[in-house]
Every structure is written in C-alpha cells, then in structure tokens.
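Undergrad: I am sharing final-v2.cif, which consists of mmCIF, C-alpha atoms:
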```
data_coords
#
loop_
_atom_site.label_atom_id
_atom_site.label_comp_id
_atom_site.auth_asym_id
_atom_site.auth_seq_id
_atom_site.Cartn_x
_atom_site.Cartn_y
_atom_site.Cartn_z
CA ARG A 1 7.00 16.53 8.39
CA HIS A 2 9.54 18.13 10.72
CA THR A 3 6.80 20.70 11.28
CA MET A 4 3.18 20.00 12.11
CA SER A 5 1.69 18.09 9.21
CA CYS A 6 -1.40 20.29 9.13
CA HIS A 7 0.85 23.20 8.09
CA ARG A 8 2.49 21.36 5.21
CA LEU A 9 2.83 23.86 2.41
CA CYS A 10 6.20 22.68 1.20
CA SER A 11 5.99 20.90 -2.09
CA VAL A 12 7.92 19.17 -4.81
CA PRO A 13 8.47 20.55 -8.31
CA SER A 14 6.06 19.59 -11.02
CA VAL A 15 6.80 16.55 -13.13
CA ARG A 16 6.28 16.23 -16.82
CA GLY A 17 3.82 13.58 -17.84
CA THR A 18 1.01 12.02 -15.90
CA ALA A 19 2.56 8.85 -14.54
CA PRO A 20 4.94 9.55 -11.61
CA ALA A 21 6.16 5.97 -11.68
CA ARG A 22 7.78 6.50 -15.05
CA ARG A 23 9.60 9.76 -14.43
CA CYS A 24 12.00 10.86 -11.74
CA ILE A 25 12.44 14.49 -10.75
CA HIS A 26 15.49 14.57 -8.51
CA GLY A 27 17.77 11.92 -10.00
CA SER A 28 21.49 12.27 -9.41
CA PRO A 29 23.84 12.67 -12.40
CA PHE A 30 24.50 9.49 -14.32
CA ARG A 31 27.40 7.54 -12.88
CA THR A 32 29.62 4.65 -13.84
CA CYS A 33 29.44 1.62 -11.58
CA VAL A 34 32.25 -0.88 -11.38
CA PRO A 35 30.14 -4.05 -10.89
CA SER A 36 28.67 -5.70 -13.96
CA PRO A 37 25.25 -4.33 -14.98
CA HIS A 38 23.77 -7.84 -15.21
CA PRO A 39 21.66 -8.54 -12.09
CA VAL A 40 21.09 -11.93 -10.63
CA GLY A 41 18.25 -13.63 -12.48
CA THR A 42 17.80 -16.81 -10.48
CA LYS A 43 14.76 -17.37 -8.31
CA ARG A 44 15.24 -18.51 -4.77
CA GLY A 45 13.53 -21.63 -3.50
CA ALA A 46 11.86 -22.50 -0.23
CA LEU A 47 13.37 -20.87 2.85
CA SER A 48 14.01 -22.38 6.24
CA ARG A 49 16.02 -19.82 8.23
CA VAL A 50 16.26 -16.06 8.49
CA GLY A 51 19.41 -14.28 9.64
CA LEU A 52 18.98 -11.11 11.69
CA PHE A 53 18.07 -8.39 9.19
CA GLY A 54 20.03 -10.26 6.58
CA ARG A 55 19.89 -12.66 3.74
CA ARG A 56 17.61 -15.66 3.95
CA GLU A 57 19.19 -19.05 3.34
CA PRO A 58 17.67 -21.81 1.23
CA SER A 59 16.46 -25.05 2.76
CA GLY A 60 19.28 -27.50 3.27
CA SER A 61 21.96 -24.83 3.58
CA SER A 62 24.82 -25.32 5.99
CA GLU A 63 24.68 -23.96 9.51
CA GLY A 64 27.80 -21.91 9.11
CA GLY A 65 25.96 -18.63 9.64
CA ALA A 66 26.56 -15.42 7.74
CA LYS A 67 29.54 -15.09 5.49
CA SER A 68 31.31 -11.89 4.56
CA SER A 69 34.19 -10.95 2.36
CA SER A 70 36.53 -7.99 2.12
CA SER A 71 37.68 -9.18 -1.32
CA PRO A 72 34.44 -9.57 -3.28
CA LYS A 73 35.92 -9.65 -6.78
CA SER A 74 34.72 -13.21 -7.42
CA THR A 75 31.06 -12.26 -6.88
CA GLU A 76 31.23 -8.77 -8.39
CA LYS A 77 29.82 -9.77 -11.77
CA ASN A 78 26.69 -11.32 -10.23
CA LEU A 79 25.58 -8.31 -8.18
CA THR A 80 23.03 -5.66 -9.02
CA PRO A 81 24.82 -2.40 -9.87
CA PHE A 82 24.17 0.77 -7.92
CA PRO A 83 21.36 2.66 -9.70
CA LYS A 84 22.25 5.50 -12.05
CA ASP A 85 19.02 7.41 -11.38
CA TYR A 86 15.66 7.04 -9.67
CA ASP A 87 14.07 5.33 -12.64
CA GLN A 88 16.60 2.52 -12.31
CA LEU A 89 16.22 2.51 -8.51
CA ILE A 90 12.47 2.00 -8.87
CA ALA A 91 12.97 -0.82 -11.38
CA GLN A 92 15.50 -2.57 -9.13
CA CYS A 93 13.28 -2.12 -6.08
CA GLN A 94 10.28 -3.58 -7.91
CA LYS A 95 12.30 -6.68 -8.78
CA SER A 96 13.55 -7.08 -5.19
CA LEU A 97 10.04 -6.57 -3.84
CA GLN A 98 8.61 -9.28 -6.07
CA ARG A 99 11.37 -11.72 -5.13
CA ALA A 100 10.69 -11.09 -1.43
CA LEU A 101 6.95 -11.57 -1.95
CA ASP A 102 7.63 -14.82 -3.81
CA ASP A 103 9.78 -15.95 -0.86
CA ASP A 104 6.98 -15.14 1.62
CA VAL A 105 9.08 -12.63 3.54
CA PRO A 106 6.65 -11.37 6.23
CA LEU A 107 8.30 -8.07 7.16
CA MET A 108 10.16 -6.01 4.55
CA GLU A 109 12.06 -2.73 4.66
CA ILE A 110 12.82 -0.37 1.78
CA GLN A 111 15.18 2.48 2.61
CA PHE A 112 16.67 5.05 0.24
CA PRO A 113 17.41 8.80 0.26
CA PRO A 114 14.66 10.64 -1.64
CA GLY A 115 16.60 13.89 -2.05
CA GLY A 116 19.32 12.48 -4.31
CA LEU A 117 21.10 9.17 -4.71
CA ASP A 118 24.20 10.54 -3.00
CA SER A 119 22.31 12.37 -0.24
CA VAL A 120 21.47 11.48 3.34
CA ALA A 121 18.40 12.10 5.49
CA GLY A 122 18.09 15.78 6.27
CA ASP A 123 19.78 17.08 3.14
CA VAL A 124 16.42 18.42 1.99
CA GLU A 125 13.55 19.78 4.05
CA GLY A 126 11.49 17.14 5.84
CA ASN A 127 8.19 17.74 4.06
CA THR A 128 9.95 17.64 0.70
CA GLU A 129 11.56 14.32 1.64
CA ASN A 130 8.15 12.89 2.46
CA ASN A 131 6.60 14.17 -0.77
CA LEU A 132 9.44 12.68 -2.80
CA THR A 133 9.18 9.38 -0.93
CA THR A 134 5.48 9.28 -1.82
CA LEU A 135 6.31 9.96 -5.47
CA TYR A 136 8.90 7.18 -5.72
CA LEU A 137 6.82 4.79 -3.62
CA ARG A 138 4.01 5.12 -6.16
CA GLY A 139 6.43 3.89 -8.82
CA ILE A 140 7.55 0.99 -6.63
CA CYS A 141 3.93 0.05 -5.91
CA ALA A 142 3.34 -0.35 -9.64
CA GLN A 143 4.74 -3.84 -9.09
CA PHE A 144 1.50 -4.73 -7.30
CA GLU A 145 -0.38 -3.66 -10.41
CA ARG A 146 1.81 -5.96 -12.51
CA ASN A 147 1.23 -8.96 -10.27
CA LYS A 148 -2.53 -8.21 -10.13
CA THR A 149 -2.71 -7.58 -6.37
CA ALA A 150 -2.92 -3.77 -6.30
CA ARG A 151 -6.67 -3.82 -5.63
CA THR A 152 -6.05 -5.61 -2.32
CA THR A 153 -2.81 -3.84 -1.36
CA ARG A 154 -3.51 -1.31 1.40
CA VAL A 155 -1.15 1.68 1.56
CA PHE A 156 -0.83 3.48 4.90
CA PHE A 157 0.31 7.06 5.42
CA PRO A 158 1.20 8.45 8.86
CA ASP A 159 -1.93 10.53 9.46
CA PRO A 160 -5.05 11.87 7.70
CA THR A 161 -3.25 15.01 6.47
CA GLU A 162 -0.51 12.99 4.79
CA LEU A 163 -3.15 10.71 3.28
CA ASP A 164 -5.05 13.70 1.93
CA ILE A 165 -1.92 15.10 0.30
CA ALA A 166 -1.14 11.74 -1.33
CA LEU A 167 -4.69 11.45 -2.70
CA CYS A 168 -5.55 15.08 -3.47
CA GLY A 169 -2.28 17.02 -3.65
CA ALA A 170 -1.31 20.09 -1.67
CA SER A 171 -4.04 21.97 0.13
CA ASN A 172 -4.65 25.64 -0.49
CA SER A 173 -2.92 28.10 1.80
CA PRO A 174 -5.01 29.77 4.54
CA ASP A 175 -5.73 32.72 2.24
CA GLY A 176 -7.30 30.35 -0.30
CA ILE A 177 -4.58 30.78 -2.91
CA GLY A 178 -3.09 27.54 -4.17
CA ALA A 179 0.56 26.88 -4.87
CA PRO A 180 1.87 27.76 -8.37
CA ASP A 181 1.93 24.97 -10.92
CA ASN A 182 5.71 24.65 -10.82
CA ALA A 183 5.69 24.14 -7.06
CA SER A 184 2.55 22.14 -6.46
CA THR A 185 2.43 18.77 -4.72
CA LYS A 186 0.91 16.21 -7.03
CA ALA A 187 -1.84 13.79 -5.99
CA THR A 188 0.53 10.87 -6.44
CA PHE A 189 -1.81 8.11 -5.22
CA ALA A 190 -5.00 9.51 -6.72
CA ASP A 191 -5.02 6.71 -9.27
CA TRP A 192 -4.13 3.92 -6.84
CA PRO A 193 -6.64 1.08 -7.40
CA GLY A 194 -6.39 -0.28 -3.87
CA PRO A 195 -7.35 1.16 -0.47
CA CYS A 196 -5.33 3.99 1.08
CA ASP A 197 -5.39 4.47 4.84
CA PHE A 198 -3.56 6.16 7.73
CA LEU A 199 -1.78 4.85 10.81
CA GLU A 200 -3.29 7.19 13.37
CA ALA A 201 -5.40 10.32 13.68
CA PRO A 202 -3.72 12.25 16.50
CA ASP A 203 -6.11 13.46 19.19
CA PHE A 204 -5.91 14.45 22.83
CA LEU A 205 -6.14 10.88 24.13
CA SER A 206 -3.51 9.43 21.83
CA VAL A 207 -1.05 12.32 22.12
CA SER A 208 -1.29 12.44 25.91
CA GLY A 209 -1.19 8.65 26.30
CA LEU A 210 -4.50 8.59 28.12
CA ASP A 211 -5.93 6.14 25.59
CA LYS A 212 -3.64 3.48 27.08
CA LEU A 213 -4.27 4.47 30.68
CA LEU A 214 -8.03 4.46 30.14
CA ASN A 215 -7.88 1.28 28.05
CA LYS A 216 -9.42 3.11 25.10
CA ARG A 217 -6.78 2.20 22.56
CA VAL A 218 -7.77 -0.08 19.69
CA SER A 219 -4.92 -1.72 17.78
CA LEU A 220 -4.45 -0.85 14.14
CA SER A 221 -4.68 -4.52 13.25
CA ASP A 222 -8.17 -4.80 14.74
CA THR A 223 -9.27 -1.57 13.07
CA THR A 224 -8.00 -2.69 9.68
CA LYS A 225 -9.51 -6.18 9.87
CA ALA A 226 -12.87 -4.68 10.80
CA LYS A 227 -12.87 -2.74 7.52
CA THR A 228 -12.67 -5.93 5.46
CA ALA A 229 -14.56 -8.28 7.80
CA GLY A 230 -17.45 -8.73 5.38
CA ASN A 231 -15.34 -9.16 2.26
CA LYS A 232 -14.82 -12.41 0.43
CA ASP A 233 -11.37 -13.95 0.72
CA GLU A 234 -10.31 -12.67 -2.69
CA ASN A 235 -11.18 -9.11 -1.61
CA LYS A 236 -9.33 -9.15 1.71
CA ASP A 237 -6.04 -7.29 2.08
CA SER A 238 -3.09 -9.10 0.51
CA CYS A 239 -0.29 -6.70 1.50
CA PHE A 240 0.25 -3.68 3.75
CA VAL A 241 2.59 -0.89 2.60
CA VAL A 242 3.53 1.73 5.22
CA ALA A 243 4.99 5.04 4.04
CA TYR A 244 7.64 6.81 6.16
CA PRO A 245 6.51 6.02 9.75
CA SER A 246 9.48 8.00 11.05
CA LEU A 247 8.32 11.27 12.63
CA ASN A 248 7.40 9.97 16.07
CA ILE A 249 7.32 6.78 18.08
CA SER A 250 3.54 6.43 17.79
CA GLU A 251 3.78 5.78 14.04
CA LEU A 252 6.15 2.88 14.58
CA VAL A 253 3.99 1.58 17.45
CA ARG A 254 1.03 1.48 15.07
CA THR A 255 3.13 -0.31 12.45
CA LYS A 256 4.07 -2.91 15.05
CA GLU A 257 0.39 -3.35 15.96
CA LEU A 258 -0.35 -3.96 12.29
CA PHE A 259 2.27 -6.71 12.05
CA ASP A 260 1.49 -8.22 15.45
CA GLY A 261 -1.98 -8.99 14.15
CA GLU A 262 -0.40 -11.11 11.40
CA ARG A 263 2.15 -13.06 13.45
CA GLY A 264 -0.15 -15.96 14.15
CA GLY A 265 -0.60 -16.70 10.46
CA ILE A 266 3.05 -16.70 9.38
CA ASP A 267 3.69 -20.43 9.87
CA SER A 268 0.54 -21.35 7.97
CA GLY A 269 1.07 -18.76 5.26
CA GLN A 270 -2.12 -16.91 6.16
CA ASN A 271 -0.42 -13.65 7.16
CA VAL A 272 -0.51 -10.37 5.28
CA PRO A 273 3.07 -9.17 4.58
CA VAL A 274 4.10 -5.69 5.71
CA VAL A 275 6.38 -3.42 3.67
CA VAL A 276 7.80 -0.26 5.28
CA CYS A 277 9.31 2.44 3.06
CA ASN A 278 11.76 4.99 4.51
CA GLY A 279 10.88 4.31 8.11
CA GLU A 280 14.42 5.20 9.33
CA LEU A 281 14.37 1.95 11.31
CA GLU A 282 18.13 1.87 11.78
CA ARG A 283 17.71 4.62 14.36
CA THR A 284 15.48 2.31 16.37
CA ARG A 285 17.63 -0.80 15.82
CA SER A 286 20.81 0.90 16.98
CA ASP A 287 21.64 3.01 20.03
CA TYR A 288 20.73 6.26 18.25
CA TYR A 289 18.15 7.10 20.91
CA PRO A 290 19.29 7.37 24.57
CA PRO A 291 18.27 4.41 26.77
CA PHE A 292 16.02 6.54 29.00
CA TRP A 293 13.98 7.91 26.08
CA ASN A 294 10.59 6.18 25.99
CA ALA A 295 12.32 3.21 27.62
CA ARG A 296 9.10 1.27 28.13
CA GLU A 297 8.21 1.29 24.43
CA MET A 298 11.65 1.42 22.84
CA GLY A 299 12.63 -2.08 24.01
CA PRO A 300 9.84 -3.87 22.10
CA LEU A 301 10.20 -1.49 19.16
CA ARG A 302 13.93 -2.15 18.93
CA GLU A 303 13.30 -5.89 18.73
CA PHE A 304 10.56 -5.28 16.19
CA ALA A 305 12.87 -3.20 13.99
CA ARG A 306 15.45 -6.01 14.04
CA GLU A 307 12.93 -8.43 12.57
CA PHE A 308 12.81 -6.63 9.23
CA GLU A 309 14.38 -7.99 6.07
CA GLY A 310 16.09 -5.19 4.17
CA ILE A 311 14.92 -5.92 0.63
CA TYR A 312 16.21 -2.69 -0.93
CA TRP A 313 18.61 -0.37 0.79
CA VAL A 314 20.70 2.70 -0.04
CA SER A 315 22.58 4.37 2.81
CA ASN A 316 25.24 6.98 2.01
CA PHE A 317 28.38 7.93 3.88
CA LYS A 318 29.78 11.38 3.23
CA GLY A 319 33.05 13.04 4.18
CA SER A 320 36.58 12.40 2.95
CA ASN A 321 35.86 8.69 2.44
CA PRO A 322 32.47 8.67 0.66
CA ALA A 323 30.73 5.35 0.24
CA VAL A 324 27.34 3.68 0.11
CA LEU A 325 25.80 0.61 1.74
CA PHE A 326 23.61 -1.03 -0.89
CA ARG A 327 21.45 -4.12 -1.16
CA ALA A 328 18.94 -5.56 -3.60
CA TYR A 329 17.21 -8.67 -2.24
CA PRO A 330 18.12 -11.56 -2.26
CA GLU A 331 21.73 -10.60 -2.96
CA PRO A 332 24.40 -9.85 -0.34
CA TRP A 333 24.94 -6.42 1.16
CA GLN A 334 27.48 -4.34 -0.73
CA VAL A 335 29.79 -1.57 0.47
CA LEU A 336 30.77 0.61 -2.48
CA ARG A 337 33.48 3.27 -2.35
CA ARG A 338 32.71 6.41 -4.33
CA ARG A 339 35.75 7.35 -6.39
CA ARG A 340 35.67 11.09 -6.96
CA ALA A 341 38.42 11.03 -9.59
CA ASP A 342 36.21 9.37 -12.20
CA ASP A 343 32.84 9.49 -10.41
CA SER A 344 32.64 5.71 -10.23
CA TYR A 345 31.89 3.03 -7.63
CA GLU A 346 34.27 0.37 -6.36
CA LEU A 347 32.95 -2.71 -4.60
CA VAL A 348 35.10 -3.25 -1.50
CA TYR A 349 33.04 -5.46 0.81
CA THR A 350 30.09 -7.87 0.72
CA SER A 351 28.18 -9.61 3.49
CA ASP A 352 25.22 -11.97 3.69
CA GLU A 353 24.23 -10.31 6.98
CA PHE A 354 23.33 -6.66 7.50
CA PRO A 355 26.62 -5.18 8.73
CA GLY A 356 25.05 -2.14 10.37
CA VAL A 357 25.65 1.48 9.45
CA GLN A 358 27.94 2.08 12.43
CA LYS A 359 30.15 -0.90 11.60
CA VAL A 360 30.49 0.22 8.00
CA ALA A 361 31.51 3.73 9.09
CA LEU A 362 33.91 2.78 11.88
CA GLU A 363 35.32 -0.61 10.93
CA ILE A 364 34.89 -1.37 7.22
CA LEU A 365 35.49 1.91 5.41
CA PRO A 366 38.74 2.83 7.23
CA LYS A 367 40.30 -0.28 5.67
CA PHE A 368 39.66 1.04 2.16
CA LEU A 369 40.89 4.62 2.11
#
```
Once more with this new file: its structure as structure tokens, please.
TA:
Amino acid sequence: RHTMSCHRLCSVPSVRGTAPARRCIHGSPFRTCVPSPHPVGTKRGALSRVGLFGRREPSGSSEGGAKSSSSPKSTEKNLTPFPKDYDQLIAQCQKSLQRALDDDVPLMEIQFPPGGLDSVAGDVEGNTENNLTTLYLRGICAQFERNKTARTTRVFFPDPTELDIALCGASNSPDGIGAPDNASTKATFADWPGPCDFLEAPDFLSVSGLDKLLNKRVSLSDTTKAKTAGNKDENKDSCFVVAYPSLNISELVRTKELFDGERGGIDSGQNVPVVVCNGELERTRSDYYPPFWNAREMGPLREFAREFEGIYWVSNFKGSNPAVLFRAYPEPWQVLRRRRADDSYELVYTSDEFPGVQKVALEILPKFL
C-alpha cells in the first residue's frame, strides 16, 4: 500500500490447495538452527507485573527487573528455534498467541517479514507485502478456530479496499480484465467465520482533519461496540486482530482508539484483547520519525506503542554481520547470528526485556563479529 489502495493491482502468486493456512508461498530455504528444536512446553501462571515491551514475570517473582545474558548457552536448549519456513513460523506464532491469550495479555504485537524469513521491510513491493501478510495472518488466525473463538474474533483491515481484497480477492483492472490465475490475489479471509471490518474509510473530513476540528469524529471503539450492542454476551467480540496498520498515522490512531475503549475493563478481566500484526510499531516507539512530525499525535502514539507485548517477533539485520532478533512468547528475546559458512544460526544473546532494534545493531552485534 505504498500507492493509493484503490489502485492496488499488485498481487501474490497463486498457491496450490485451498487452505492458505497450510501452505506457504515465499518460504526461505531450509536452514539449520543451532538451538535445540524442542520448544518450551510449560504454561505460565498468574501474572503480576509487565516489563516495558518485554517478558511478563510470574506472581511472587523478585523485583530485580529484566535480566540479560551475552552467554546464553545454559538456556539454549529450552528456546524455540528460528523457523525454517513460513509453515513453521505460523505454527510457532499460533502457540505464542495462545499462551499470551491464556495469560490475559491485553495488547499483543506480531511482527515478521512477509517477503522472506531473511528479508526486511521494503525488500518486496508494498502491496505484495500486505497481501502476503494477509495470507500468513489467516494461518495464524486458525488458532482462534482451534480454541472455538473465531466466530467472535473481529479482524480489522486498514480501509474498505483492503477489506474487500481480503474477502473477495483482487479487483478487475479498469478495462474489466482480471489478473491471470498465476498472479491473482486470493480471497484469503473469504472463509473466516467471524466478522471482518476496517479501521477507517478515508474521506474529506478525516483526511483533512476537519472531523476533529468540527467534533465529528467518532472513536472506533464506540463504532465497534455499537455493532454488537444487541448481542448476547456469548456473541460479543472476544478479540480484535488488526492487520498492518502501518501506512499512515491515522491507522495507528484508530488502533489506539480501539484499545482505549477496553482499558477500563483490564483489571476486571472484561476487556477485549487487541492483536496487531505487522504494524511496524518499532518506528513509532523509537526516534525513527523526527520530533516535529505530527508532534501532537506522536507523543501519545509513542507511549501507546510501548505498551505492546511482543508475542512473536522476527527482525533481520543485513550487511557484513547478518543477524536476527527473534522472540516467541513467553520466552526471552534472542539475538541469533547468521553464519554464512554453513547457513546456520548461532545464539549469542538473550534478554527478558525487549532490547530494541537500535541497541542490537549498534551495541550487541558488534561484540559478536
């Protein structure tokens, strides 16, 4: 969506089979990972404290704060290995998602590169990235079908055009001729049993900001609750999933409105959890944007982005010292060096707290050349 979404004609290749969740189309070559392939199988208990964008600590834990290690050999065997392909990524993400739901995590972030497991944002065209994210997100959302909550899990797309593509596939070109079969965008969420929605329908008032000046803006939380106001409790929304709210600031503002409407119910357990997939929130958390850019809105949004729990994360570092920052909730964050000689991964650093992409690049990786 680096171009106007109404002109989206870019598409993803066709996929064999009828269930996108079971097949990947852009998986990287199989790799060998140094950590043991046996993931942690223990279930976490009640939680009392949340570290900033980091690992939650069980009740009764010490107040020593986050712990990190540059010699993680002792914990290596207990960590989830880096995925070999997108099928394994989806399976790992489903497990992390369920663990976070069981722990009542209110605000969850899933971040991974859709164009290849060793790629970074921008390696493939923007519309293709979004289409691939939708494809893999459908596989991740299959976890809601397993735990019997899919019917009440509401999936949001950025705007009506993106929603239409997810439900109906690529639109015909202006001349009425559809894309060829081997380049068509599949209707990935056509079989989703729950409601699908959009964050915002851009119009003159919202784009110009006049809706705020004229007090015409209605929060997404109020709009969404109105849609289920007459439903019985068992038919009300049980989870919100937001797909790639990363093109403009308005999409993240709407996501914040959605969560703000649930803040009051967190302590009592009456809130609806929010899951954001590929929202590129690290740009908002960090100093990626200049301080004068949308200064009035960026302050609250930056604090909002720092509230997220990263439940599944893949962030690649290229160059002469390639590496990846990886996490599968509720385990620690891992920094893995990519060894080109044998195409393997070496675990060089772990941390219970999110170390930050900039710290990994400038402070951690130079120690492990």
Undergrad: Give me, as CSV, the closest atom pair and its distance (Å, one decimal) for every residue of segment 59-161 of chain A within a cut-off of 10 Å of segment 251-255 of chain A, counting all atoms listed in the file, rows sorted by chain and rising number.
TA:
```
residue,atom,partner,partner_atom,distance
A:Phe156,CA,A:Thr255,CA,9.3
A:Phe157,CA,A:Glu251,CA,9.4
A:Pro158,CA,A:Glu251,CA,6.4
A:Asp159,CA,A:Glu251,CA,8.7
```
Undergrad: Could you state which residues are captured by the PyMOL selection byres ((chain A and resi 348) around 6) in this file, as a VMD selection string?
TA: chain A and resid 335 to 336 347 349
Undergrad: Interatomic distance between atom CA of Glu331 of chain A and atom CA of Asn147 of chain A?
TA: 21.8 Å
Undergrad: Taking all atoms listed in the file into account, name the residue in A:Glu346, A:Glu309, A:Glu145, A:Asp352 that is nearest to Ala323 of chain A.
TA: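 The answer is A:Glu346, which sits nearest to Ala323 of chain A.
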Undergrad: Let me know the residues the PyMOL selection byres ((chain A and resi 137) around 12) catches in the file above, as number ranges by chain.
TA: A: 20-22, 24, 86-87, 89-91, 93-94, 97, 110-114, 129-136, 138-144, 155-157, 166, 188-189, 192, 241-244, 275-278
Undergrad: Specify as a list in words each residue included when the PyMOL selection byres ((chain A and resi 287) around 12) is applied to this file.
TA: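 For this structure, the PyMOL selection byres ((chain A and resi 287) around 12) resolves to Leu281, Glu282, Arg283, Thr284, Arg285, Ser286, Tyr288, Tyr289, Pro290, Pro291, Phe292, Trp293, Met298, Gly299, Arg302, Gly356, Val357 and Gln358 of chain A.
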Undergrad: Please compute the atom CA of Asn316 of chain A-atom CA of Leu117 of chain A distance, one decimal, in Å.
TA: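 Pair atom CA of Asn316 of chain A / atom CA of Leu117 of chain A returns 8.2 Å.
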Undergrad: Quote the spacing between atom CA of Pro300 of chain A and atom CA of Lys256 of chain A in Å to one decimal place.
TA: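 Separating atom CA of Pro300 of chain A from atom CA of Lys256 of chain A is a distance of 9.2 Å.
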